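To start, the structure itself, in structure tokens.
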Amino acid sequence: MEQSCVPALIRQRAVSHPAATILRTKDRGIWKAINWSQLDATVSRIGSALLSAGFGRGDVAAILSETRPEAAYADLATLGSGAASVAIHPEDEADRLGHILSSSGTRLAFVENEEQLDKVLSIRDRCPALARIVVFDMKGLRDFVDATVVSLEAFGNAPGADWDAAVLAITADRPAVIQFPRSEASGFGRVLTHGDLSHMIDAAAARLAIHPGDERLAVLRMADITERVWGLYLGLQAGCISNYPERPDTAVENLQELQPTVLGADAGVWDRLHALASLRAKNATRSQRIAYAWALHAGGAKRALAKFLVLPAVRREFGLNRLRVAYVGGAAVPQAANEWAASLGIMIQRLDEPVPGPGQLDERYQSLMHNAYA
């Protein structure tokens, strides 16, 4: 990226393309668009509140939430304030949560709702640095009173600070993201700087060829590095619209509705899609089962006929009809699911596979990817 950090990119796009849609969120069954100008205003408002609270360089903020726009706003505001951000899986148990908050020195935690707030409060005494908790959804907390807990709405309306100066002060060597491996119950987080993020995003953008106006559905938790860096951050750089579903369990339904052009997922998502396709095939009529099996295995001249008569309907059924770019990171897609996708004309790329350059491999990218998915 030419910009020093992702929030700087947002500010630049808010000037050059203020009315262009960059995010959508589904609320009560309706997709609501968010343009660059609105995104910039929200991120800068939360970021200014962080700065006014004395939060910035050398500090750490945690985000404990499902993937939703508020989590993205909080993450981007943290990066722009000069602090580092750690995203925590919403299903993590209290002990692991306590370990992450204490070992990272988290001073402020953004939490999704009452359930996640209760979890943080249960281990707050183990986290001496934790001074403030900001809640996205205050449902059920109307009568709750705690001097350290505030709603995102109230927090974001605090007196502002010089957000532009803070963003411009970001340097490539400053810590940006702290990633705690899911494979380890305890241990230290791996730090990615703003320069690391830029390098990873640029390398992935060069191989994935995502275009402005492409659409993606956020199907992974924000704690997953694939969603955070190669979903949200890469989407912002490329101008790919990020769509946030109401709930994680509506992913297939939303895929069918949106028919996105880009899908960044993990092996589990493709495994579930393949399993669902197999189940629906078993429950189909005999003629449908025969046509489906024939189309998946057709070769030669029959392949073109299958792609015309049968496969578009299968792709459309699972929200894959317009899919142009598919990628995963971490674990490989199971062979059966990978072959199923290939039979539909979908080539799933591995982000963490060696990336050939002009006569050499990008060693820095490989090292960063290894650490990201360790």
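By order in the structure tokens, chains are A, B, ...; within a chain, residues start at 1; ligands start at 1, following the order shown.
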Shell around Arg272 (chain A) at 12 Å using only C-alpha atoms, local window under 4 positions removed, as JSON, numbers by chain: {"A": [249, 251, 252, 265, 266, 267, 268, 276, 277, 278, 279, 318, 333, 334, 336, 337, 338, 340, 341]}
Helix (DSSP H, G or I) per DSSP on the backbone: members of region 167-315 of chain A, as a PyMOL selection string: chain A and resi 167-168+194-208+225-238+248-258+267-282+286-297+301-309+311-315
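If you count only C-alpha atoms and ignore residues fewer than 6 places along the chain from Ser65 (chain A), what sits within 6 Å of it is Pro90, Val111 and Glu112 of chain A.
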Writing out the chosen residues with all heavy atoms as a PDB file, in the first residue's frame:
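Dumped everything to again.pdb:
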ATOM      1  N   PRO A  90     -14.795 -15.440  19.686  1.00  0.00           N
ATOM      2  CA  PRO A  90     -15.904 -15.269  20.639  1.00  0.00           C
ATOM      3  C   PRO A  90     -16.272 -16.520  21.418  1.00  0.00           C
ATOM      4  O   PRO A  90     -16.961 -16.425  22.438  1.00  0.00           O
ATOM      5  CB  PRO A  90     -17.062 -14.810  19.748  1.00  0.00           C
ATOM      6  CG  PRO A  90     -16.714 -15.287  18.378  1.00  0.00           C
ATOM      7  CD  PRO A  90     -15.223 -15.218  18.296  1.00  0.00           C
ATOM      8  N   VAL A 111     -16.153  -5.428  23.432  1.00  0.00           N
ATOM      9  CA  VAL A 111     -16.879  -6.694  23.514  1.00  0.00           C
ATOM     10  C   VAL A 111     -18.220  -6.552  22.808  1.00  0.00           C
ATOM     11  O   VAL A 111     -18.791  -5.458  22.740  1.00  0.00           O
ATOM     12  CB  VAL A 111     -17.080  -7.152  24.976  1.00  0.00           C
ATOM     13  CG1 VAL A 111     -15.736  -7.302  25.683  1.00  0.00           C
ATOM     14  CG2 VAL A 111     -17.979  -6.196  25.744  1.00  0.00           C
ATOM     15  N   GLU A 112     -18.727  -7.675  22.317  1.00  0.00           N
ATOM     16  CA  GLU A 112     -19.923  -7.620  21.474  1.00  0.00           C
ATOM     17  C   GLU A 112     -21.192  -7.334  22.257  1.00  0.00           C
ATOM     18  O   GLU A 112     -22.002  -6.497  21.868  1.00  0.00           O
ATOM     19  CB  GLU A 112     -20.074  -8.930  20.704  1.00  0.00           C
ATOM     20  CG  GLU A 112     -21.280  -8.930  19.787  1.00  0.00           C
ATOM     21  CD  GLU A 112     -21.358 -10.193  18.933  1.00  0.00           C
ATOM     22  OE1 GLU A 112     -20.667 -11.179  19.244  1.00  0.00           O
ATOM     23  OE2 GLU A 112     -22.113 -10.166  17.951  1.00  0.00           O
TER      24      GLU A 112
END
DSSP strand (DSSP E or B) selection over region 74-282 of chain A, as a PyMOL selection string: chain A and resi 84-88+108-111+132-135+149-151+175-179+190-193+215-217+241-244+262-265
Which residue of A:Ser85, A:Gln237, A:Asn157, A:Asn283 approaches Ala223 (chain A) most closely, using only C-alpha atoms: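 Between A:Ser85, A:Gln237, A:Asn157, A:Asn283, the residue approaching Ala223 (chain A) most closely is A:Ser85.
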Residues within 10 Å of Arg221 (chain A), only C-alpha atoms, excluding chain neighbours under 4 positions, as a PyMOL selection string: chain A and resi 65-68+87-90+225-228+248+265
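Distances here use only C-alpha atoms; by that measure, the residue among A:Ala374, A:Leu255, A:Ala304, A:Ala295 closest to Gly330 (chain A) is A:Ala374.
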Contact residues around region 197-206 of chain A with only C-alpha atoms at 9 Å, ignoring same-chain residues under 6 positions, as a list in words: Met1, Glu2, Gln3, Ser4, Cys5, Val6, Ala172, Ala176, Val177, Val229, Trp230, Tyr233, Leu234, Gln237, Ala238, Leu351, Val355, Asp362, Arg364, Tyr365, Leu368 and Met369 of chain A
Residue among A:Thr250, A:Ser367, A:Asp271, A:Asp146 lying closest to Glu339 (chain A), counting only C-alpha atoms: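 Answer, going by the shortest atom-to-atom distance: A:Asp271.
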Non-local contacts of Ala19 (chain A) (7 Å; only C-alpha atoms; under 3 positions in same chain excluded) as a list in words: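 The residues satisfying every condition are Asn35, Trp36 and Ser37 of chain A.
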Pairwise distance for CA of Ile290 (chain A) and CA of Ile348 (chain A), rounded to one decimal in Å: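 Interatomic distance, CA of Ile290 (chain A) to CA of Ile348 (chain A): 25.9 Å.
When CA of Gln259 (chain A) is paired with CA of Asp75 (chain A), their separation reads 27.0 Å.
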Minimum-distance residue to Pro260 (chain A), chosen among A:Arg126, A:Arg216, A:Arg207, A:Arg303 (using only C-alpha atoms):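 Once distances to Pro260 (chain A) are computed over only C-alpha atoms, the minimum belongs to A:Arg216.
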Nearest-residue call for Arg322 (chain A), choices A:Arg57, A:Ala72, A:Arg190, A:Leu263, using only C-alpha atoms: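 Looking only at the distances to Arg322 (chain A), the closest residue turns out to be A:Leu263.
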